[in-house]
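The next block is final_18.pdb, given as PDB, C-alpha atoms, pLDDT in the B column.
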```pdb
ATOM      1  CA  MET X   1      18.476  -4.442 -10.897  1.00 47.00           C
ATOM      2  CA  ALA X   2      19.585  -0.801 -10.875  1.00 51.00           C
ATOM      3  CA  PRO X   3      21.783   0.206  -7.922  1.00 56.00           C
ATOM      4  CA  ARG X   4      20.293   2.542  -5.357  1.00 58.00           C
ATOM      5  CA  ASP X   5      21.310   6.176  -5.499  1.00 63.00           C
ATOM      6  CA  PRO X   6      23.684   6.988  -2.582  1.00 66.00           C
ATOM      7  CA  ALA X   7      21.695  10.178  -1.982  1.00 62.00           C
ATOM      8  CA  PHE X   8      18.614   8.065  -1.526  1.00 62.00           C
ATOM      9  CA  ASP X   9      20.346   5.858   1.019  1.00 66.00           C
ATOM     10  CA  ALA X  10      21.567   8.958   2.816  1.00 65.00           C
ATOM     11  CA  ALA X  11      17.992  10.214   3.011  1.00 59.00           C
ATOM     12  CA  LEU X  12      17.025   7.002   4.790  1.00 64.00           C
ATOM     13  CA  GLN X  13      19.408   7.662   7.647  1.00 66.00           C
ATOM     14  CA  GLN X  14      16.777   9.711   9.460  1.00 60.00           C
ATOM     15  CA  PRO X  15      15.028   7.104  11.568  1.00 57.00           C
ATOM     16  CA  GLN X  16      11.545   7.879  12.773  1.00 68.00           C
ATOM     17  CA  PRO X  17       9.763   5.413  15.031  1.00 73.00           C
ATOM     18  CA  VAL X  18       6.877   3.682  13.290  1.00 89.00           C
ATOM     19  CA  GLU X  19       4.158   2.189  15.464  1.00 92.00           C
ATOM     20  CA  LEU X  20       2.463  -0.763  13.807  1.00 96.00           C
ATOM     21  CA  VAL X  21      -0.673  -2.142  15.436  1.00 97.00           C
ATOM     22  CA  SER X  22      -1.144  -5.818  14.592  1.00 97.00           C
ATOM     23  CA  ARG X  23      -4.653  -6.820  13.569  1.00 98.00           C
ATOM     24  CA  PRO X  24      -6.077 -10.325  13.033  1.00 97.00           C
ATOM     25  CA  CYS X  25      -6.081 -11.521   9.432  1.00 97.00           C
ATOM     26  CA  SER X  26      -5.853 -14.918   7.776  1.00 95.00           C
ATOM     27  CA  HIS X  27      -5.899 -13.692   4.161  1.00 96.00           C
ATOM     28  CA  TYR X  28      -2.274 -14.410   3.316  1.00 98.00           C
ATOM     29  CA  ASP X  29       0.102 -17.264   2.622  1.00 97.00           C
ATOM     30  CA  ASP X  30       3.804 -18.016   2.198  1.00 98.00           C
ATOM     31  CA  ARG X  31       5.888 -16.258  -0.416  1.00 98.00           C
ATOM     32  CA  PRO X  32       7.648 -18.507  -2.937  1.00 97.00           C
ATOM     33  CA  ASP X  33      10.884 -16.850  -1.803  1.00 96.00           C
ATOM     34  CA  PRO X  34      10.731 -14.788   1.421  1.00 92.00           C
ATOM     35  CA  ALA X  35      14.039 -13.124   0.486  1.00 94.00           C
ATOM     36  CA  ASP X  36      12.566 -11.846  -2.799  1.00 96.00           C
ATOM     37  CA  ILE X  37      10.944  -8.579  -1.683  1.00 98.00           C
ATOM     38  CA  SER X  38      11.689  -5.814  -4.158  1.00 98.00           C
ATOM     39  CA  LEU X  39       8.522  -3.790  -4.832  1.00 98.00           C
ATOM     40  CA  LEU X  40       6.354  -1.412  -2.791  1.00 98.00           C
ATOM     41  CA  VAL X  41       2.778  -0.939  -4.032  1.00 98.00           C
ATOM     42  CA  ILE X  42       0.519   1.879  -2.815  1.00 98.00           C
ATOM     43  CA  HIS X  43      -3.261   1.404  -2.946  1.00 98.00           C
ATOM     44  CA  ASN X  44      -6.375   3.078  -1.615  1.00 98.00           C
ATOM     45  CA  ILE X  45      -9.496   1.620  -0.057  1.00 98.00           C
ATOM     46  CA  SER X  46     -12.666   2.890   1.587  1.00 98.00           C
ATOM     47  CA  LEU X  47     -15.731   0.935   2.633  1.00 98.00           C
ATOM     48  CA  PRO X  48     -18.297   1.939   1.572  1.00 97.00           C
ATOM     49  CA  PRO X  49     -16.581   3.952  -1.184  1.00 97.00           C
ATOM     50  CA  ALA X  50     -15.647   7.510  -0.162  1.00 97.00           C
ATOM     51  CA  THR X  51     -16.806   6.823   3.412  1.00 98.00           C
ATOM     52  CA  PHE X  52     -14.187   7.049   6.117  1.00 98.00           C
ATOM     53  CA  SER X  53     -13.764   6.190   9.801  1.00 96.00           C
ATOM     54  CA  THR X  54     -15.845   3.027   9.632  1.00 97.00           C
ATOM     55  CA  PRO X  55     -14.895  -0.421  11.010  1.00 98.00           C
ATOM     56  CA  TYR X  56     -15.454  -2.067   7.653  1.00 98.00           C
ATOM     57  CA  ILE X  57     -11.905  -2.162   6.256  1.00 98.00           C
ATOM     58  CA  ASP X  58     -10.763  -3.885   9.414  1.00 98.00           C
ATOM     59  CA  ASP X  59     -13.711  -6.271   9.218  1.00 98.00           C
ATOM     60  CA  PHE X  60     -13.057  -6.985   5.530  1.00 98.00           C
ATOM     61  CA  PHE X  61      -9.382  -7.800   5.936  1.00 97.00           C
ATOM     62  CA  GLY X  62     -10.142  -9.729   9.099  1.00 96.00           C
ATOM     63  CA  GLY X  63     -12.787 -11.891   7.402  1.00 96.00           C
ATOM     64  CA  ARG X  64     -15.587 -10.517   9.579  1.00 96.00           C
ATOM     65  CA  LEU X  65     -17.398  -8.200   7.159  1.00 97.00           C
ATOM     66  CA  ASP X  66     -21.195  -8.379   7.402  1.00 97.00           C
ATOM     67  CA  CYS X  67     -22.076  -8.182   3.731  1.00 97.00           C
ATOM     68  CA  THR X  68     -25.664  -7.223   4.603  1.00 97.00           C
ATOM     69  CA  ALA X  69     -24.537  -4.060   6.407  1.00 97.00           C
ATOM     70  CA  HIS X  70     -24.455  -1.965   3.203  1.00 97.00           C
ATOM     71  CA  PRO X  71     -25.705  -2.590  -0.355  1.00 97.00           C
ATOM     72  CA  TYR X  72     -22.172  -2.154  -1.752  1.00 97.00           C
ATOM     73  CA  PHE X  73     -20.901  -5.040   0.343  1.00 98.00           C
ATOM     74  CA  ALA X  74     -22.928  -7.636  -1.548  1.00 97.00           C
ATOM     75  CA  ARG X  75     -20.193  -7.753  -4.208  1.00 96.00           C
ATOM     76  CA  LEU X  76     -17.632  -8.578  -1.516  1.00 97.00           C
ATOM     77  CA  GLN X  77     -19.312 -11.794  -0.421  1.00 96.00           C
ATOM     78  CA  GLY X  78     -16.666 -14.514  -0.340  1.00 95.00           C
ATOM     79  CA  VAL X  79     -13.862 -12.159  -1.413  1.00 96.00           C
ATOM     80  CA  ARG X  80     -10.632 -12.665   0.504  1.00 96.00           C
ATOM     81  CA  VAL X  81      -8.069  -9.895   0.120  1.00 96.00           C
ATOM     82  CA  SER X  82      -5.584  -8.144   2.351  1.00 97.00           C
ATOM     83  CA  ALA X  83      -2.658  -5.757   2.456  1.00 98.00           C
ATOM     84  CA  HIS X  84       0.374  -5.733   4.657  1.00 98.00           C
ATOM     85  CA  CYS X  85      -0.709  -2.444   6.233  1.00 98.00           C
ATOM     86  CA  VAL X  86      -3.523   0.090   6.145  1.00 98.00           C
ATOM     87  CA  ILE X  87      -2.848   3.738   6.935  1.00 98.00           C
ATOM     88  CA  TYR X  88      -6.046   5.321   8.199  1.00 98.00           C
ATOM     89  CA  ARG X  89      -7.063   8.960   7.852  1.00 98.00           C
ATOM     90  CA  ASP X  90      -5.758   9.810  11.330  1.00 97.00           C
ATOM     91  CA  GLY X  91      -2.333   8.335  10.589  1.00 97.00           C
ATOM     92  CA  ARG X  92      -2.792   5.033  12.408  1.00 97.00           C
ATOM     93  CA  ILE X  93      -0.910   2.170  10.781  1.00 98.00           C
ATOM     94  CA  TRP X  94      -2.540  -1.208  11.274  1.00 98.00           C
ATOM     95  CA  GLN X  95      -0.612  -4.250  10.102  1.00 98.00           C
ATOM     96  CA  TYR X  96      -2.606  -7.188   8.780  1.00 98.00           C
ATOM     97  CA  VAL X  97       0.095  -9.359   7.224  1.00 98.00           C
ATOM     98  CA  PRO X  98       3.729  -9.872   8.261  1.00 98.00           C
ATOM     99  CA  PHE X  99       6.055  -8.417   5.650  1.00 98.00           C
ATOM    100  CA  SER X 100       7.706 -11.808   5.211  1.00 97.00           C
ATOM    101  CA  LYS X 101       4.369 -13.296   4.076  1.00 98.00           C
ATOM    102  CA  ARG X 102       2.427 -12.830   0.822  1.00 98.00           C
ATOM    103  CA  ALA X 103      -0.563 -10.506   1.176  1.00 98.00           C
ATOM    104  CA  TRP X 104      -3.353 -10.729  -1.400  1.00 97.00           C
ATOM    105  CA  HIS X 105      -3.390  -7.137  -2.617  1.00 97.00           C
ATOM    106  CA  ALA X 106      -2.174  -6.904  -6.216  1.00 96.00           C
ATOM    107  CA  GLY X 107      -4.324  -9.437  -8.042  1.00 94.00           C
ATOM    108  CA  LEU X 108      -3.612  -9.862 -11.742  1.00 95.00           C
ATOM    109  CA  SER X 109      -0.502  -7.719 -12.072  1.00 97.00           C
ATOM    110  CA  LEU X 110       2.716  -7.134 -13.984  1.00 96.00           C
ATOM    111  CA  PHE X 111       5.844  -5.134 -13.173  1.00 97.00           C
ATOM    112  CA  ASP X 112       9.063  -4.943 -15.191  1.00 95.00           C
ATOM    113  CA  GLY X 113       8.127  -8.017 -17.206  1.00 95.00           C
ATOM    114  CA  ARG X 114       7.245 -10.073 -14.150  1.00 96.00           C
ATOM    115  CA  ASP X 115       3.725 -11.109 -13.186  1.00 97.00           C
ATOM    116  CA  LYS X 116       2.231 -12.223  -9.842  1.00 97.00           C
ATOM    117  CA  CYS X 117       3.419  -9.131  -8.028  1.00 98.00           C
ATOM    118  CA  ASN X 118       2.084 -10.429  -4.709  1.00 98.00           C
ATOM    119  CA  ASP X 119       5.041 -12.825  -4.722  1.00 98.00           C
ATOM    120  CA  PHE X 120       7.660 -10.089  -4.381  1.00 98.00           C
ATOM    121  CA  SER X 121       5.844  -6.955  -3.217  1.00 98.00           C
ATOM    122  CA  ILE X 122       4.608  -5.216  -0.090  1.00 98.00           C
ATOM    123  CA  GLY X 123       1.151  -3.668  -0.330  1.00 98.00           C
ATOM    124  CA  ILE X 124       0.178  -0.560   1.628  1.00 98.00           C
ATOM    125  CA  GLU X 125      -3.413   0.678   1.589  1.00 98.00           C
ATOM    126  CA  LEU X 126      -4.346   4.286   2.306  1.00 98.00           C
ATOM    127  CA  GLU X 127      -7.863   4.878   3.575  1.00 98.00           C
ATOM    128  CA  GLY X 128      -9.118   7.096   0.781  1.00 98.00           C
ATOM    129  CA  THR X 129     -10.372   7.383  -2.777  1.00 98.00           C
ATOM    130  CA  ASP X 130      -8.890   8.423  -6.105  1.00 98.00           C
ATOM    131  CA  ASP X 131     -10.289  11.936  -6.110  1.00 96.00           C
ATOM    132  CA  LEU X 132     -10.397  13.117  -2.479  1.00 98.00           C
ATOM    133  CA  PRO X 133      -7.225  14.498  -0.883  1.00 98.00           C
ATOM    134  CA  TYR X 134      -5.354  12.252   1.494  1.00 98.00           C
ATOM    135  CA  THR X 135      -4.530  13.701   4.904  1.00 98.00           C
ATOM    136  CA  ASP X 136      -1.151  15.155   5.747  1.00 98.00           C
ATOM    137  CA  VAL X 137      -0.719  12.710   8.621  1.00 98.00           C
ATOM    138  CA  GLN X 138      -1.247   9.866   6.143  1.00 98.00           C
ATOM    139  CA  TYR X 139       1.599  11.135   3.966  1.00 98.00           C
ATOM    140  CA  HIS X 140       3.897  11.432   6.969  1.00 97.00           C
ATOM    141  CA  ALA X 141       2.934   7.973   8.215  1.00 97.00           C
ATOM    142  CA  LEU X 142       3.439   6.513   4.735  1.00 98.00           C
ATOM    143  CA  ALA X 143       6.843   8.175   4.401  1.00 96.00           C
ATOM    144  CA  SER X 144       7.951   6.903   7.812  1.00 96.00           C
ATOM    145  CA  LEU X 145       6.765   3.383   7.053  1.00 97.00           C
ATOM    146  CA  SER X 146       8.333   3.487   3.591  1.00 97.00           C
ATOM    147  CA  ARG X 147      11.647   4.574   5.053  1.00 95.00           C
ATOM    148  CA  GLN X 148      11.560   1.631   7.445  1.00 95.00           C
ATOM    149  CA  LEU X 149      10.758  -0.781   4.610  1.00 97.00           C
ATOM    150  CA  LEU X 150      13.489   0.626   2.387  1.00 95.00           C
ATOM    151  CA  GLN X 151      15.982   0.079   5.160  1.00 94.00           C
ATOM    152  CA  GLN X 152      14.742  -3.446   5.797  1.00 95.00           C
ATOM    153  CA  PHE X 153      14.443  -4.489   2.138  1.00 97.00           C
ATOM    154  CA  PRO X 154      17.292  -2.903   0.132  1.00 95.00           C
ATOM    155  CA  ALA X 155      16.066  -4.376  -3.173  1.00 97.00           C
ATOM    156  CA  ILE X 156      13.292  -1.754  -3.086  1.00 96.00           C
ATOM    157  CA  ASN X 157      14.486   1.482  -4.674  1.00 93.00           C
ATOM    158  CA  PRO X 158      12.674   4.634  -5.912  1.00 91.00           C
ATOM    159  CA  GLN X 159      11.986   3.041  -9.303  1.00 93.00           C
ATOM    160  CA  ARG X 160      10.261   0.183  -7.495  1.00 96.00           C
ATOM    161  CA  ILE X 161       7.750   2.264  -5.531  1.00 97.00           C
ATOM    162  CA  VAL X 162       4.539   2.255  -7.564  1.00 97.00           C
ATOM    163  CA  GLY X 163       0.797   2.625  -7.445  1.00 98.00           C
ATOM    164  CA  HIS X 164      -1.637  -0.204  -8.018  1.00 98.00           C
ATOM    165  CA  CYS X 165      -2.428   1.506 -11.325  1.00 97.00           C
ATOM    166  CA  ASP X 166       1.168   0.946 -12.454  1.00 96.00           C
ATOM    167  CA  ILE X 167       1.021  -2.839 -12.080  1.00 97.00           C
ATOM    168  CA  ALA X 168      -2.614  -3.386 -13.110  1.00 95.00           C
ATOM    169  CA  SER X 169      -3.014  -0.829 -15.880  1.00 91.00           C
ATOM    170  CA  GLY X 170      -6.543  -0.601 -17.252  1.00 90.00           C
ATOM    171  CA  ARG X 171      -7.899  -2.626 -14.344  1.00 93.00           C
ATOM    172  CA  LYS X 172      -7.004  -0.539 -11.301  1.00 95.00           C
ATOM    173  CA  THR X 173      -6.590   3.208 -10.862  1.00 96.00           C
ATOM    174  CA  ASP X 174      -5.488   3.686  -7.260  1.00 97.00           C
ATOM    175  CA  PRO X 175      -4.039   5.559  -5.503  1.00 98.00           C
ATOM    176  CA  GLY X 176      -5.525   7.951  -8.065  1.00 97.00           C
ATOM    177  CA  PRO X 177      -4.989  11.571  -9.102  1.00 97.00           C
ATOM    178  CA  ALA X 178      -5.534  12.721  -5.521  1.00 97.00           C
ATOM    179  CA  PHE X 179      -2.287  11.098  -4.448  1.00 98.00           C
ATOM    180  CA  ASN X 180       0.546  13.631  -4.458  1.00 97.00           C
ATOM    181  CA  TRP X 181       3.600  11.673  -5.554  1.00 97.00           C
ATOM    182  CA  PRO X 182       6.022  14.637  -5.445  1.00 96.00           C
ATOM    183  CA  HIS X 183       5.002  15.420  -1.854  1.00 97.00           C
ATOM    184  CA  TYR X 184       5.439  11.804  -0.831  1.00 97.00           C
ATOM    185  CA  PHE X 185       8.891  11.537  -2.385  1.00 96.00           C
ATOM    186  CA  GLN X 186       9.839  14.894  -0.891  1.00 95.00           C
ATOM    187  CA  LEU X 187       9.018  13.504   2.548  1.00 95.00           C
ATOM    188  CA  LEU X 188      11.263  10.547   1.693  1.00 91.00           C
ATOM    189  CA  GLY X 189      14.001  13.008   0.756  1.00 89.00           C
ATOM    190  CA  MET X 190      14.044  12.152  -2.937  1.00 80.00           C
ATOM    191  CA  ALA X 191      12.608  13.386  -6.220  1.00 72.00           C
ATOM    192  CA  PRO X 192      10.022  11.131  -7.876  1.00 68.00           C
ATOM    193  CA  ALA X 193      11.732   8.302  -9.725  1.00 62.00           C
ATOM    194  CA  ASN X 194       9.137   7.734 -12.444  1.00 57.00           C
ATOM    195  CA  SER X 195       7.769  10.219 -14.963  1.00 41.00           C
ATOM    196  CA  THR X 196       4.227   9.073 -14.175  1.00 50.00           C
ATOM    197  CA  HIS X 197       4.837  10.254 -10.609  1.00 55.00           C
ATOM    198  CA  SER X 198       5.893  13.783 -11.508  1.00 39.00           C
ATOM    199  CA  ASP X 199       2.341  15.112 -11.604  1.00 38.00           C
ATOM    200  CA  PRO X 200      -0.112  14.473  -8.740  1.00 35.00           C
ATOM    201  CA  SER X 201      -2.890  14.306 -11.340  1.00 33.00           C
ATOM    202  CA  ALA X 202      -1.217  11.325 -13.047  1.00 32.00           C
ATOM    203  CA  GLY X 203      -2.747   8.175 -11.724  1.00 29.00           C
ATOM    204  CA  GLU X 204      -5.766   5.951 -11.738  1.00 29.00           C
ATOM    205  CA  SER X 205      -8.367   3.719  -8.041  1.00 30.00           C
ATOM    206  CA  LEU X 206      -8.636   0.501  -6.208  1.00 31.00           C
TER     207      LEU X 206
END
```
If you convert what's in this file into structure tokens, what do you get?
Amino acid sequence: MAPRDPAFDAALQQPQPVELVSRPCSHYDDRPDPADISLLVIHNISLPPATFSTPYIDDFFGGRLDCTAHPYFARLQGVRVSAHCVIYRDGRIWQYVPFSKRAWHAGLSLFDGRDKCNDFSIGIELEGTDDLPYTDVQYHALASLSRQLLQQFPAINPQRIVGHCDIASGRKTDPGPAFNWPHYFQLLGMAPANSTHSDPSAGESL
């Protein structure tokens, strides 16, 4: 594993309080090794697609989604997924799964020659879609949460902050071209680590 850049660690020494609101969820299980957390995966989600400020993400992750409430939801019948946190359009951060547990967010996935990314990753969902801009408060909330996670889990470094598209290429496209990687890394105090993150149009959706 590549060592972390000292400049990156220095950038983390700017603590900002992060308020996490715990929400009920049973869609998770134990990690094979709770000490093996070394990847941060950024996703997007909206239910129905491109519709915001609904209760449906919370219902879906909480196992309460009424699949008759919208035609799109029929395909979600019996589906059990989750993420560690969701960052909503207004900057709220709701936590569904403890970071020490395995959330069901990555699915069939591969990173750096290793599959089953749920085993060793933290998944953060942004309420949004591939092609609509995320809100500024979401970027700031994501940066603050990321900084906290990077402090807590030192095996995560800039090279190990990725989009869902990076670990499920050809299957998933989120967080999509609308996600501004340079802006996000700037808020973290670092330049983007990966060439695919140098252009906010480089990406694919969840």
Using only C-alpha atoms, which of X:Gly123, X:Cys67, X:Leu110, X:Thr135 sits nearest Arg89 in chain X? X:Thr135
Residue among X:His105, X:His84, X:His27, X:His140 lying closest to Phe185 in chain X, counting all atoms listed in the file: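 Of X:His105, X:His84, X:His27, X:His140, the one nearest Phe185 in chain X, counting all atoms listed in the file, is X:His140.
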Grab the CA of Phe120 in chain X to CA of Gln148 in chain X distance for me, in Å with one decimal place.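 Going from CA of Phe120 in chain X over to CA of Gln148 in chain X covers 17.1 Å.
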Contacts of Arg92 in chain X within 12 Å, only C-alpha atoms, excl. fewer than 3 positions in-chain, as a ChimeraX atom specification: /X:18-22,53,85-89,95,125-127,135,137-142,144-145
Which residues fall under the PyMOL selection byres ((chain X and resi 46) around 9) in this file, as a PyMOL selection string? chain X and resi 44-45+47-54+56-57+126-129
